[in-house]
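> Quick one, input.txt (compact mmCIF, C-alpha atoms):
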```txt
# COMPACT_ATOMS: atom_id res chain seq x y z
CA MET T 1234 50.17 108.56 236.44
CA ARG T 1235 51.10 106.79 233.25
CA GLU T 1236 48.91 107.07 230.24
CA ILE T 1237 47.49 103.90 228.82
CA VAL T 1238 46.62 103.51 225.20
CA LEU T 1239 44.01 101.08 224.00
CA VAL T 1240 43.74 99.99 220.42
CA VAL T 1241 40.82 97.85 219.46
CA SER T 1242 40.86 95.82 216.30
CA LEU T 1243 38.07 93.80 214.99
CA CYS T 1244 37.05 90.62 213.27
CA LEU T 1245 33.86 88.88 212.31
CA ALA T 1246 32.32 86.36 214.68
CA VAL T 1247 33.49 82.78 214.73
CA ALA T 1248 30.50 80.73 213.69
CA SER T 1249 31.07 77.68 215.83
CA SER T 1250 31.70 77.42 219.56
CA THR T 1251 31.14 75.12 222.49
CA LEU T 1252 27.70 75.60 224.05
CA LEU T 1253 26.87 75.17 227.70
CA TYR T 1254 23.98 73.02 228.84
CA GLY T 1255 23.26 72.03 225.23
CA GLN T 1256 21.63 75.40 224.51
CA GLU T 1257 22.05 77.14 221.19
CA SER T 1258 22.12 80.92 221.11
CA GLU T 1259 19.43 82.68 219.12
CA VAL T 1260 21.77 85.66 218.71
CA ALA T 1261 24.07 86.03 215.67
CA VAL T 1262 26.62 88.82 215.29
CA ARG T 1263 26.67 90.05 211.69
CA TYR T 1264 29.47 92.61 211.95
CA ILE T 1265 31.68 94.16 214.64
CA ARG T 1266 34.16 97.03 214.61
CA ALA T 1267 35.73 99.80 216.72
CA TYR T 1268 36.94 103.37 216.16
CA GLY T 1269 38.30 106.29 218.14
CA ALA T 1270 35.76 108.27 220.18
CA ASP T 1271 32.81 109.14 217.89
CA ASN T 1272 34.90 109.43 214.71
CA GLU T 1273 34.81 106.43 212.36
CA LEU T 1274 37.96 107.62 210.59
CA LEU T 1275 40.09 107.57 213.74
CA PRO T 1276 41.92 104.35 214.61
CA PRO T 1277 40.57 102.67 217.75
CA VAL T 1278 43.28 104.09 220.03
CA VAL T 1279 42.27 105.30 223.47
CA LEU T 1280 44.41 107.61 225.63
CA LEU T 1281 43.22 107.15 229.19
CA ASN T 1282 45.30 110.06 230.48
CA GLU T 1283 43.86 113.37 229.25
CA ASN T 1284 47.27 115.00 229.75
CA SER T 1285 49.06 112.45 227.57
CA ASP T 1286 51.69 113.25 224.97
CA PRO T 1287 49.92 114.66 221.87
CA ALA T 1288 52.37 112.69 219.70
CA GLN T 1289 50.67 109.51 220.84
CA PRO T 1290 47.80 108.71 218.43
CA GLY T 1291 44.45 108.22 220.11
CA SER T 1292 41.24 109.50 221.66
CA ALA T 1293 39.69 109.67 225.11
CA TYR T 1294 37.76 106.44 224.51
CA ALA T 1295 36.93 103.85 221.85
CA THR T 1296 33.50 102.96 220.53
CA VAL T 1297 32.92 99.25 219.89
CA GLU T 1298 29.79 98.49 217.90
CA PHE T 1299 28.27 95.27 216.64
CA ASP T 1300 25.14 94.36 214.66
CA VAL T 1301 23.09 91.36 215.78
CA ARG T 1302 20.24 89.29 214.43
CA ALA T 1303 17.87 88.44 217.30
CA SER T 1304 14.15 88.34 218.04
CA HIS T 1305 14.62 90.82 220.90
CA ILE T 1306 17.40 92.91 222.43
CA PRO T 1307 19.88 90.26 223.63
CA ASN T 1308 21.74 89.95 226.91
CA VAL T 1309 25.45 90.02 226.08
CA TYR T 1310 28.71 90.76 227.85
CA VAL T 1311 32.29 91.46 226.73
CA ARG T 1312 35.20 89.72 228.45
CA LEU T 1313 38.86 90.76 228.03
CA ILE T 1314 41.64 88.16 227.64
CA HIS T 1315 45.31 89.19 227.82
CA CYS T 1316 47.68 87.81 225.17
CA LYS T 1317 51.39 87.75 224.36
CA ALA T 1318 52.80 89.71 221.45
CA ASP T 1319 51.99 86.81 219.09
CA TRP T 1320 48.36 86.66 220.34
CA THR T 1321 48.90 83.49 222.37
CA GLU T 1322 46.58 83.76 225.39
CA ASP T 1323 48.32 84.22 228.75
CA ASP T 1324 47.65 81.56 231.40
CA ASN T 1325 48.19 84.15 234.13
CA LEU T 1326 45.17 84.41 236.44
CA PHE T 1327 46.20 87.89 237.56
CA LEU T 1328 45.92 89.11 233.97
CA ASN T 1329 42.95 87.05 232.84
CA ASP T 1330 40.50 87.63 235.65
CA VAL T 1331 37.07 86.28 234.64
CA THR T 1332 35.46 89.35 236.19
CA THR T 1333 37.17 91.62 233.65
CA ARG T 1334 34.02 92.13 231.64
CA THR T 1335 31.20 94.56 230.96
CA SER T 1336 27.52 94.36 230.05
CA LEU T 1337 26.95 98.09 229.49
CA VAL T 1338 25.62 98.13 225.93
CA ASP T 1339 23.78 101.02 224.26
CA TRP T 1340 21.26 99.49 221.82
CA SER T 1341 19.55 100.98 218.75
CA ILE T 1342 16.98 99.43 216.43
CA ALA T 1343 17.61 98.71 212.75
CA ALA T 1344 15.43 100.12 209.98
CA GLN T 1345 11.95 98.62 209.95
CA ARG T 1346 12.52 96.81 206.64
CA SER T 1347 15.87 95.37 207.74
CA THR T 1348 15.97 91.56 207.64
CA TYR T 1349 19.69 90.82 207.96
CA PHE T 1350 20.09 92.41 211.40
CA ASN T 1351 17.75 93.80 214.05
CA TYR T 1352 19.82 95.67 216.66
CA ARG T 1353 23.09 97.59 216.86
CA GLY T 1354 24.96 97.60 220.15
CA LYS T 1355 27.65 100.07 221.18
CA VAL T 1356 30.07 99.67 224.06
CA ARG T 1357 32.31 102.45 225.31
CA ILE T 1358 35.73 101.22 226.48
CA PRO T 1359 36.78 101.83 229.18
CA ASN T 1360 33.62 102.32 231.26
CA VAL T 1361 32.51 102.22 234.88
CA GLN T 1362 32.31 98.40 234.78
CA LEU T 1363 35.48 97.69 232.81
CA SER T 1364 38.91 99.11 233.65
CA LEU T 1365 42.29 98.42 232.08
CA ARG T 1366 45.18 97.63 234.42
CA PHE T 1367 47.78 95.99 232.17
CA ALA T 1368 49.38 96.96 228.88
CA GLY T 1369 49.71 94.51 225.99
CA ASN T 1370 47.55 92.61 223.53
CA TRP T 1371 43.96 91.88 224.54
CA LYS T 1372 41.16 89.90 223.00
CA ALA T 1373 37.68 91.28 223.66
CA VAL T 1374 35.21 88.42 223.35
CA VAL T 1375 31.46 89.00 223.08
CA TYR T 1376 29.30 86.33 224.78
CA ASP T 1377 25.60 85.57 224.92
CA MET T 1378 24.83 85.96 228.63
CA ASP T 1379 22.05 83.36 228.53
CA THR T 1380 24.08 80.52 227.00
CA ASP T 1381 27.71 81.68 227.45
CA GLN T 1382 28.20 81.11 223.72
CA LYS T 1383 30.98 83.08 222.05
CA LEU T 1384 29.45 85.43 219.49
CA ALA T 1385 32.30 87.64 218.24
CA GLU T 1386 35.89 88.57 218.97
CA THR T 1387 37.95 91.75 218.63
CA ARG T 1388 41.62 92.50 219.18
CA MET T 1389 42.82 95.29 221.42
CA PHE T 1390 46.19 96.88 222.15
CA VAL T 1391 46.78 98.57 225.49
CA VAL T 1392 49.87 100.76 225.62
CA ASP T 1393 51.64 102.12 228.70
CA PRO T 1394 53.93 104.72 227.05
CA ARG T 1395 57.31 104.53 228.72
CA ALA T 1396 59.17 105.26 225.49
CA GLN T 1397 58.85 107.23 222.24
CA THR T 1398 58.76 105.99 218.65
CA MET T 1399 60.07 107.78 215.57
CA PHE T 1400 58.77 106.33 212.29
CA ASN T 1401 60.93 106.12 209.15
CA PHE T 1402 59.76 105.21 205.62
CA MET T 1403 62.13 104.12 202.85
CA THR T 1404 61.34 102.89 199.36
CA ASP T 1405 62.71 99.47 198.52
CA PHE T 1406 62.40 96.72 195.94
CA TYR T 1407 61.22 93.12 196.00
CA ASP T 1408 60.66 90.31 193.50
CA PRO T 1409 56.91 90.18 192.74
CA ASN T 1410 55.19 87.01 191.58
CA ALA T 1411 52.91 88.88 189.16
CA ARG T 1412 53.89 91.33 186.44
CA VAL T 1413 53.58 94.45 188.60
CA SER T 1414 55.89 97.15 189.90
CA SER T 1415 58.61 95.85 192.22
CA THR T 1416 58.19 98.82 194.58
CA ALA T 1417 58.35 97.93 198.26
CA LEU T 1418 58.68 99.74 201.58
CA THR T 1419 61.16 99.37 204.41
CA LEU T 1420 59.80 100.65 207.73
CA GLU T 1421 61.77 101.59 210.82
CA ALA T 1422 60.56 102.20 214.37
CA ILE T 1423 63.30 103.94 216.35
CA VAL T 1424 62.41 103.49 220.02
CA SER T 1425 64.02 105.54 222.80
CA ALA T 1426 63.28 106.45 226.42
CA PRO T 1427 64.26 109.36 228.70
CA THR T 1428 65.02 107.03 231.64
CA THR T 1429 66.45 103.57 232.27
CA GLU T 1430 63.18 102.35 233.78
CA ILE T 1431 62.94 99.64 231.11
CA ILE T 1432 66.00 97.37 230.85
CA ASP T 1433 67.32 96.87 227.32
CA PRO T 1434 67.09 93.04 227.00
CA ASN T 1435 63.43 93.20 227.99
CA VAL T 1436 62.56 95.40 224.98
CA HIS T 1437 62.19 92.56 222.51
CA THR T 1438 59.54 93.08 219.81
CA CYS T 1439 57.93 95.64 217.52
CA VAL T 1440 54.82 94.77 215.47
CA PHE T 1441 53.77 96.81 212.42
CA TYR T 1442 50.21 96.91 211.04
CA ARG T 1443 48.59 98.65 208.11
CA ASN T 1444 45.93 100.84 209.70
CA ASN T 1445 42.61 98.97 210.15
CA ARG T 1446 44.21 95.68 209.02
CA TRP T 1447 44.82 94.13 212.44
CA TYR T 1448 44.98 90.52 211.24
CA GLU T 1449 48.05 91.09 209.07
CA PRO T 1450 50.91 91.85 211.52
CA PHE T 1451 54.57 92.21 210.61
CA VAL T 1452 56.55 91.00 213.64
CA VAL T 1453 60.13 92.18 214.24
CA SER T 1454 61.59 90.48 217.30
CA THR T 1455 64.64 89.10 219.07
CA ARG T 1456 62.43 86.20 220.15
CA SER T 1457 60.84 83.31 218.28
CA PHE T 1458 57.09 83.58 217.83
CA HIS T 1459 54.41 81.37 216.35
CA GLY T 1460 53.78 81.72 212.60
CA ARG T 1461 55.55 83.76 209.94
CA ASN T 1462 55.18 87.19 208.43
CA SER T 1463 53.16 87.68 205.26
CA TYR T 1464 55.06 88.11 201.97
CA ASN T 1465 58.23 86.62 203.56
CA VAL T 1466 59.49 90.08 204.50
CA GLY T 1467 62.88 90.55 206.10
CA THR T 1468 63.40 91.88 209.64
CA ALA T 1469 66.25 93.29 211.72
CA VAL T 1470 66.80 94.64 215.24
CA THR T 1471 69.78 96.90 216.06
CA GLY T 1472 70.81 99.43 218.69
CA VAL T 1473 70.75 99.65 222.48
CA PHE T 1474 67.83 100.82 224.61
CA PRO T 1475 67.22 103.50 225.98
CA PRO T 1476 69.47 105.59 223.68
CA GLY T 1477 67.74 104.04 220.69
CA LYS T 1478 66.70 100.59 219.51
CA VAL T 1479 65.77 100.18 215.86
CA PHE T 1480 63.18 97.65 214.67
CA ARG T 1481 63.17 97.31 210.90
CA VAL T 1482 60.89 95.40 208.51
CA LEU T 1483 62.15 95.15 204.94
CA ARG T 1484 60.53 94.77 201.54
CA ILE T 1485 56.83 95.04 202.32
CA PRO T 1486 54.97 95.25 198.98
CA ALA T 1487 53.60 98.78 198.73
CA GLN T 1488 50.25 97.45 197.37
CA ASN T 1489 47.69 99.93 196.00
CA GLU T 1490 45.24 102.59 197.11
CA TYR T 1491 42.03 100.91 198.24
CA ARG T 1492 39.02 100.59 195.95
CA ILE T 1493 35.89 102.45 197.12
CA LEU T 1494 32.35 101.07 197.39
CA ASP T 1495 29.81 103.80 198.19
CA LEU T 1496 26.44 102.36 199.23
CA THR T 1497 24.96 105.73 200.19
CA ASN T 1498 23.30 106.15 196.78
CA LEU T 1499 19.82 104.62 197.11
CA ALA T 1500 19.19 104.95 193.37
CA LEU T 1501 22.15 102.71 192.52
CA PHE T 1502 21.67 100.40 195.53
CA PRO T 1503 17.92 100.29 196.31
CA SER T 1504 16.37 98.52 199.29
CA THR T 1505 14.52 95.82 197.39
CA GLY T 1506 15.78 92.83 199.36
CA GLN T 1507 17.06 91.33 196.08
CA PRO T 1508 20.78 91.06 195.26
CA VAL T 1509 22.04 94.20 193.56
CA ARG T 1510 24.72 93.56 190.96
CA LEU T 1511 27.45 96.19 190.82
CA PRO T 1512 26.74 98.56 187.91
CA LEU T 1513 30.07 97.66 186.26
CA SER T 1514 32.44 94.76 186.85
CA ASP T 1515 35.69 95.56 188.61
CA LEU T 1516 38.81 95.39 186.45
CA ARG T 1517 42.44 94.56 187.01
CA ARG T 1518 44.63 97.48 188.08
CA ASN T 1519 48.35 97.91 187.61
CA GLY T 1520 49.17 100.41 190.32
CA MET T 1521 46.79 103.10 189.07
CA PHE T 1522 43.88 104.63 191.00
CA LEU T 1523 41.42 107.51 190.58
CA GLU T 1524 40.82 108.84 194.12
CA ARG T 1525 42.14 108.60 197.65
CA SER T 1526 40.49 106.11 199.97
CA ASP T 1527 39.68 106.29 203.69
CA ASP T 1528 42.74 104.38 204.98
CA GLY T 1529 40.75 101.15 205.11
CA ALA T 1530 37.90 102.45 207.30
CA LEU T 1531 34.12 102.20 206.93
CA THR T 1532 32.27 105.53 207.12
CA SER T 1533 28.52 105.51 207.72
CA THR T 1534 27.68 108.76 209.53
CA MET T 1535 25.79 109.96 206.45
CA ILE T 1536 23.32 107.03 206.68
CA SER T 1537 19.96 107.93 208.27
CA SER T 1538 18.21 105.64 210.74
CA ALA T 1539 15.56 104.89 208.09
CA ASN T 1540 18.29 103.42 205.85
CA ASN T 1541 20.26 101.71 208.59
CA GLU T 1542 20.46 98.29 206.94
CA TYR T 1543 22.52 95.83 204.91
CA VAL T 1544 22.30 95.49 201.13
CA PRO T 1545 22.66 92.13 199.34
CA LEU T 1546 25.28 92.71 196.64
CA GLU T 1547 26.75 90.73 193.79
CA PHE T 1548 30.39 91.57 193.15
CA LEU T 1549 31.85 90.98 189.68
CA LEU T 1550 35.57 90.84 188.89
CA ASP T 1551 36.72 90.58 185.29
CA PRO T 1552 40.10 88.76 185.18
CA SER T 1553 40.82 89.77 181.58
CA PRO T 1554 43.20 90.45 180.03
CA GLY T 1555 44.52 87.06 180.94
CA SER T 1556 43.10 83.80 182.21
CA PRO T 1557 41.50 83.14 185.63
CA SER T 1558 43.86 83.00 188.58
CA GLU T 1559 45.59 79.76 189.56
CA HIS T 1560 44.77 80.62 193.17
CA ASP T 1561 41.63 81.18 195.22
CA VAL T 1562 40.25 84.72 194.91
CA PHE T 1563 38.89 86.66 197.89
CA LEU T 1564 37.12 89.95 198.50
CA VAL T 1565 38.78 91.76 201.42
CA GLY T 1566 37.85 95.11 202.93
CA SER T 1567 36.23 97.14 205.67
CA PHE T 1568 33.05 95.03 205.37
CA ASN T 1569 34.92 91.98 206.76
CA ASN T 1570 37.60 93.82 208.76
CA TRP T 1571 40.29 93.01 206.18
CA HIS T 1572 40.20 89.36 207.24
CA PRO T 1573 39.66 87.01 204.25
CA THR T 1574 37.53 83.95 205.04
CA ARG T 1575 35.70 81.15 203.25
CA ASP T 1576 32.52 83.26 203.23
CA TRP T 1577 34.27 85.92 201.15
CA MET T 1578 35.82 83.61 198.55
CA MET T 1579 34.69 84.27 194.95
CA TRP T 1580 33.82 81.66 192.31
CA PHE T 1581 34.54 81.81 188.60
CA ASP T 1582 31.49 81.78 186.30
CA GLU T 1583 32.49 80.00 183.09
CA ASP T 1584 29.57 81.54 181.16
CA LEU T 1585 30.19 85.14 182.19
CA ARG T 1586 33.98 84.61 182.35
CA MET T 1587 33.97 86.58 185.59
CA TYR T 1588 34.46 86.01 189.29
CA ARG T 1589 31.25 86.40 191.30
CA LEU T 1590 30.29 86.69 194.96
CA ARG T 1591 27.00 87.50 196.71
CA GLN T 1592 27.20 88.96 200.19
CA TRP T 1593 25.35 91.27 202.58
CA VAL T 1594 27.17 94.58 203.05
CA ARG T 1595 26.36 97.34 205.51
CA ARG T 1596 25.33 100.69 204.04
CA GLY T 1597 28.15 103.23 204.04
CA ARG T 1598 31.38 103.96 202.24
CA HIS T 1599 33.73 100.95 202.23
CA ASN T 1600 37.36 100.39 201.21
CA TYR T 1601 38.32 97.04 199.68
CA LEU T 1602 40.73 95.04 197.49
CA TYR T 1603 40.79 91.72 195.61
CA ALA T 1604 43.26 89.17 196.95
CA THR T 1605 44.56 85.76 195.92
CA GLY T 1606 45.63 82.97 198.24
CA THR T 1607 44.93 79.38 199.25
CA LEU T 1608 42.14 78.42 201.64
CA ASN T 1609 43.67 75.98 204.15
CA ALA T 1610 41.23 73.09 204.63
CA ASP T 1611 42.72 72.24 208.04
CA THR T 1612 42.77 75.69 209.64
CA ASP T 1613 40.12 77.40 207.46
CA GLU T 1614 42.55 80.32 207.16
CA VAL T 1615 43.84 81.86 203.94
CA ASP T 1616 47.54 81.15 203.30
CA ASP T 1617 49.96 83.07 201.07
CA ILE T 1618 47.69 86.08 200.69
CA SER T 1619 48.67 88.49 197.90
CA PHE T 1620 47.13 91.55 196.23
CA GLU T 1621 49.46 91.73 193.22
CA GLU T 1622 47.46 89.90 190.57
CA PHE T 1623 44.37 92.12 190.41
CA GLU T 1624 45.52 95.29 192.20
CA GLY T 1625 49.06 95.98 191.06
CA ASN T 1626 51.56 97.84 193.24
CA THR T 1627 52.41 101.52 193.82
CA ALA T 1628 54.21 103.47 196.54
CA SER T 1629 52.04 106.53 195.84
CA ASN T 1630 49.15 105.17 197.93
CA SER T 1631 48.28 106.89 201.21
CA ASN T 1632 47.88 103.78 203.39
CA SER T 1633 49.25 104.43 206.89
CA TYR T 1634 51.03 102.13 209.34
CA ILE T 1635 51.01 101.75 213.14
CA ALA T 1636 53.85 100.20 215.16
CA PHE T 1637 53.74 98.81 218.72
CA THR T 1638 56.85 98.12 220.82
CA TYR T 1639 56.80 95.35 223.46
CA ALA T 1640 58.82 94.90 226.65
CA ARG T 1641 58.75 92.14 229.25
CA ILE T 1642 57.30 93.51 232.51
CA LEU T 1643 58.15 91.43 235.59
CA GLU T 1644 55.21 92.40 237.81
CA TYR T 1645 52.41 89.84 238.36
CA GLY T 1646 54.57 86.96 237.13
CA GLY T 1647 55.72 88.71 233.96
CA TYR T 1648 53.88 89.67 230.79
CA ASP T 1649 54.44 91.38 227.43
CA ALA T 1650 53.49 95.05 227.72
CA ILE T 1651 53.34 97.62 224.94
CA ILE T 1652 55.52 100.58 225.92
CA SER T 1653 55.33 102.70 222.77
CA VAL T 1654 53.15 103.33 219.72
CA GLY T 1655 53.76 105.33 216.57
CA SER T 1656 51.85 105.99 213.35
CA SER T 1657 52.68 107.48 209.96
CA ASN T 1658 52.49 107.06 206.18
CA ILE T 1659 54.84 107.66 203.27
CA TYR T 1660 53.76 111.32 202.99
CA THR T 1661 54.22 112.25 206.67
CA GLY T 1662 56.98 109.89 207.82
CA ASN T 1663 60.70 110.67 207.87
CA ARG T 1664 62.47 109.64 204.67
```
Output the structure of this file as structure tokens.

Amino acid sequence: MREIVLVVSLCLAVASSTLLYGQESEVAVRYIRAYGADNELLPPVVLLNENSDPAQPGSAYATVEFDVRASHIPNVYVRLIHCKADWTEDDNLFLNDVTTRTSLVDWSIAAQRSTYFNYRGKVRIPNVQLSLRFAGNWKAVVYDMDTDQKLAETRMFVVDPRAQTMFNFMTDFYDPNARVSSTALTLEAIVSAPTTEIIDPNVHTCVFYRNNRWYEPFVVSTRSFHGRNSYNVGTAVTGVFPPGKVFRVLRIPAQNEYRILDLTNLALFPSTGQPVRLPLSDLRRNGMFLERSDDGALTSTMISSANNEYVPLEFLLDPSPGSPSEHDVFLVGSFNNWHPTRDWMMWFDEDLRMYRLRQWVRRGRHNYLYATGTLNADTDEVDDISFEEFEGNTASNSNSYIAFTYARILEYGGYDAIISVGSSNIYTGNR
């Protein structure tokens, strides 16, 4: 029996959706995420076969949790939607069965003084209601059962390991736009298989992600897909499968170790209900950092139920030395699933000569960075995202990467299945 690997990635809820019967949901999802088993530091990778290869990263199950604002415990369900490697939804009824959903949610109550959210729901995937039959990309969509309104969406990767991946890291150079180090990384996923079960032309794509940053893929493919890679990186595919097919992505900016925001200190971040300004403004960095981060994850196991809440914060970023950025500035981190949006765009205060942003942030230890880009008025997405201007660039960071290899499977009309997954960072990968 083949092992199946599930990776769940997360994003904040889309605010608008089409409502049925003219009803508006009274439920609002404030935050949603997933992690491996009961460990927040593990990537949301699930190995469904207990006897699976230990080289495959993952756990026995994933925990998906989301915080909601509602007057009472809501009725919600999660539906899975299968997608191609570029996240285009499949129009295959065998894959996207409307009954592929679950309503088994374990609810807990927020702290009594909490006003931003009331309940936290946890869903274990897979469970007795929800099984996984096909490998590939999946969207997990949370719906209000009473109105069928879409509340939140997460991304999932299901892997049927028919091959193995060896990860290579190489230092490289690129031409930065800001005055920072030109250090870059070239990543290789060398995919091989012990049998000829998968035919070579069908093995067509490998997608690389920085761990926990599932909305910033680097696609290496023999096919044409929608969109383009961030930072205009180069790609190449060589070799013959199964002896070994190499997927290479070139000149990814190394970026920097993540900044750390620790909201576990109640003296520094009290529960007053009033916005708490950060004790000191954040400053530009040029590739330097003081401590290792948590690979982009949120950790909150140290938070008691009495302090299970969100804190209104005011972030301050000092752009000096130098003038304000010519681009839009965004706050990106574990508190918004590394997905910059309009709600997390900062504004420049001419009096303070600083960038400011007020937002609700869940108690815990967060990782984050400051980014520049352009908010697209048509798509409401952030284009040309970059972390150079305020963060600098260094290859000495410990950020890890995960790579997924896709093959075309002909059963059920054909679909893109993930046949291999690998994970490493510059300190553990082959050089």
> Report, in Å with one decimal, the straight-line distance from CA of Ala1295 (chain T) to CA of Ile1642 (chain T).
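Spanning CA of Ala1295 (chain T) to CA of Ile1642 (chain T) is a straight-line distance of 25.2 Å.
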> One decimal, in Å: what's the spacing between CA of Thr1532 (chain T) and CA of Ser1304 (chain T)?
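So the two atoms, CA of Thr1532 (chain T) and CA of Ser1304 (chain T), lie 27.3 Å apart.
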> Separation of CA of Ser1457 (chain T) and CA of Arg1481 (chain T), in Å?
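Between these atoms lies a distance of 16.0 Å.
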> With a distance cut-off of 7 Å and all atoms listed in the file, select the neighbouring residues of Val1509 (chain T), excluding the residue or stretch itself and same-chain residues fewer than 6 positions from it, and output the selection as a ChimeraX atom specification.
/T:1502,1545-1547
> Take the residues from that selection and put them in a file with C-alpha atoms, as a PDB file, in the coordinates of the input.

```pdb
ATOM      1  CA  PHE T1502      21.670 100.400 195.530  1.00  0.00           C
ATOM      2  CA  PRO T1545      22.660  92.130 199.340  1.00  0.00           C
ATOM      3  CA  LEU T1546      25.280  92.710 196.640  1.00  0.00           C
ATOM      4  CA  GLU T1547      26.750  90.730 193.790  1.00  0.00           C
TER       5      GLU T1547
END
```
> Under the rule that all atoms listed in the file are counted, which of T:Arg1312, T:Arg1357, T:Lys1317, T:His1305 is the nearest residue to Thr1335 (chain T)?
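The answer is T:Arg1312, which sits nearest to Thr1335 (chain T).
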> Box in all listed atoms of region 1468-1475 of chain T, axis-aligned, with 6 Å more on each side; write out centre and edge lengths in Å to one decimal as JSON.

```
{"center_x": 67.1, "center_y": 97.7, "center_z": 217.8, "size_x": 19.4, "size_y": 23.6, "size_z": 28.3}
```
> Kindly indicate which residue among T:Arg1589, T:Arg1525, T:Arg1334, T:Arg1484 lies nearest to Ser1629 (chain T), using only C-alpha atoms for the distances.
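The closest residue to Ser1629 (chain T) is T:Arg1525.
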> Residues at most 9 Å from region 1486-1499 of chain T, counting only C-alpha atoms, excluding those fewer than 6 positions away in the same chain, as number ranges by chain?
T: 1404-1407, 1409, 1415-1418, 1464, 1466, 1518-1522, 1524-1529, 1533, 1535-1536, 1540, 1544, 1566, 1594-1602, 1620-1621, 1624-1632
> Return the single residue from T:Thr1638, T:Ser1514, T:Asn1541, T:Thr1612 that is closest to Ile1342 (chain T), with distances computed using only C-alpha atoms.
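Nearest candidate to Ile1342 (chain T) out of T:Thr1638, T:Ser1514, T:Asn1541, T:Thr1612: T:Asn1541.
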> Which polymer residues have any atom within 8 Å of an atom of Ile1651 (chain T), counting all atoms listed in the file, with same-chain residues fewer than 6 positions away left out, as an mmCIF file with C-alpha atoms, in the coordinates of the input?

```
data_model
loop_
_atom_site.group_PDB
_atom_site.id
_atom_site.type_symbol
_atom_site.label_atom_id
_atom_site.label_comp_id
_atom_site.auth_asym_id
_atom_site.auth_seq_id
_atom_site.Cartn_x
_atom_site.Cartn_y
_atom_site.Cartn_z
ATOM 1 C CA ALA T 1368 49.380 96.960 228.880
ATOM 2 C CA GLY T 1369 49.710 94.510 225.990
ATOM 3 C CA ASN T 1370 47.550 92.610 223.530
ATOM 4 C CA PHE T 1390 46.190 96.880 222.150
ATOM 5 C CA VAL T 1391 46.780 98.570 225.490
ATOM 6 C CA VAL T 1392 49.870 100.760 225.620
ATOM 7 C CA ASP T 1393 51.640 102.120 228.700
ATOM 8 C CA PRO T 1394 53.930 104.720 227.050
ATOM 9 C CA PHE T 1637 53.740 98.810 218.720
ATOM 10 C CA THR T 1638 56.850 98.120 220.820
ATOM 11 C CA TYR T 1639 56.800 95.350 223.460
ATOM 12 C CA ALA T 1640 58.820 94.900 226.650
#
```
> Compile the contact shell of Leu1313 (chain T) as a list of chain:residue names: residues with an atom at most 7 Å away, counting all atoms listed in the file, same-chain residues fewer than 4 positions apart removed.
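Returned residues: T:Thr1333, T:Arg1334, T:Trp1371, T:Lys1372, T:Ala1373, T:Val1374.
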> Taking into account only C-alpha atoms, which residue in the set T:Asn1462, T:Thr1428, T:Thr1321, T:Thr1348 is nearest to Pro1475 (chain T)?
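Between T:Asn1462, T:Thr1428, T:Thr1321, T:Thr1348, the residue approaching Pro1475 (chain T) most closely is T:Thr1428.
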> From the list T:Asp1324, T:Glu1421, T:Glu1298, T:Asp1379, which residue is nearest Ser1657 (chain T) when using all atoms listed in the file?
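Smallest separation from Ser1657 (chain T) among the options: T:Glu1421.
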> Counting all atoms listed in the file, which of T:Ile1314, T:Phe1367, T:Val1361, T:Val1375 gets nearest to Val1262 (chain T)?
T:Val1375
> Give as JSON, numbers by chain every residue, naming chains and numbers as the document does, that has an atom within 12 Å of (36.4, 108.1, 215.4), counting only C-alpha atoms.
{"T": [1241, 1266, 1267, 1268, 1269, 1270, 1271, 1272, 1273, 1274, 1275, 1276, 1277, 1278, 1279, 1290, 1291, 1292, 1293, 1294, 1295, 1296, 1297, 1298, 1530, 1531, 1532, 1533, 1534]}
> For a cutoff of 12 Å around the file-coordinate point (69.7, 102.8, 216.4), which residues qualify once you count all atoms listed in the file? I'd like the result as a tab-separated table (two decimals) with C-alpha atoms, in the frame of the given file.

```
chain	number	residue	atom	x	y	z
T	1398	THR	CA	58.76	105.99	218.65
T	1399	MET	CA	60.07	107.78	215.57
T	1401	ASN	CA	60.93	106.12	209.15
T	1421	GLU	CA	61.77	101.59	210.82
T	1422	ALA	CA	60.56	102.20	214.37
T	1423	ILE	CA	63.30	103.94	216.35
T	1424	VAL	CA	62.41	103.49	220.02
T	1425	SER	CA	64.02	105.54	222.80
T	1469	ALA	CA	66.25	93.29	211.72
T	1470	VAL	CA	66.80	94.64	215.24
T	1471	THR	CA	69.78	96.90	216.06
T	1472	GLY	CA	70.81	99.43	218.69
T	1473	VAL	CA	70.75	99.65	222.48
T	1474	PHE	CA	67.83	100.82	224.61
T	1475	PRO	CA	67.22	103.50	225.98
T	1476	PRO	CA	69.47	105.59	223.68
T	1477	GLY	CA	67.74	104.04	220.69
T	1478	LYS	CA	66.70	100.59	219.51
T	1479	VAL	CA	65.77	100.18	215.86
T	1480	PHE	CA	63.18	97.65	214.67
T	1481	ARG	CA	63.17	97.31	210.90
```
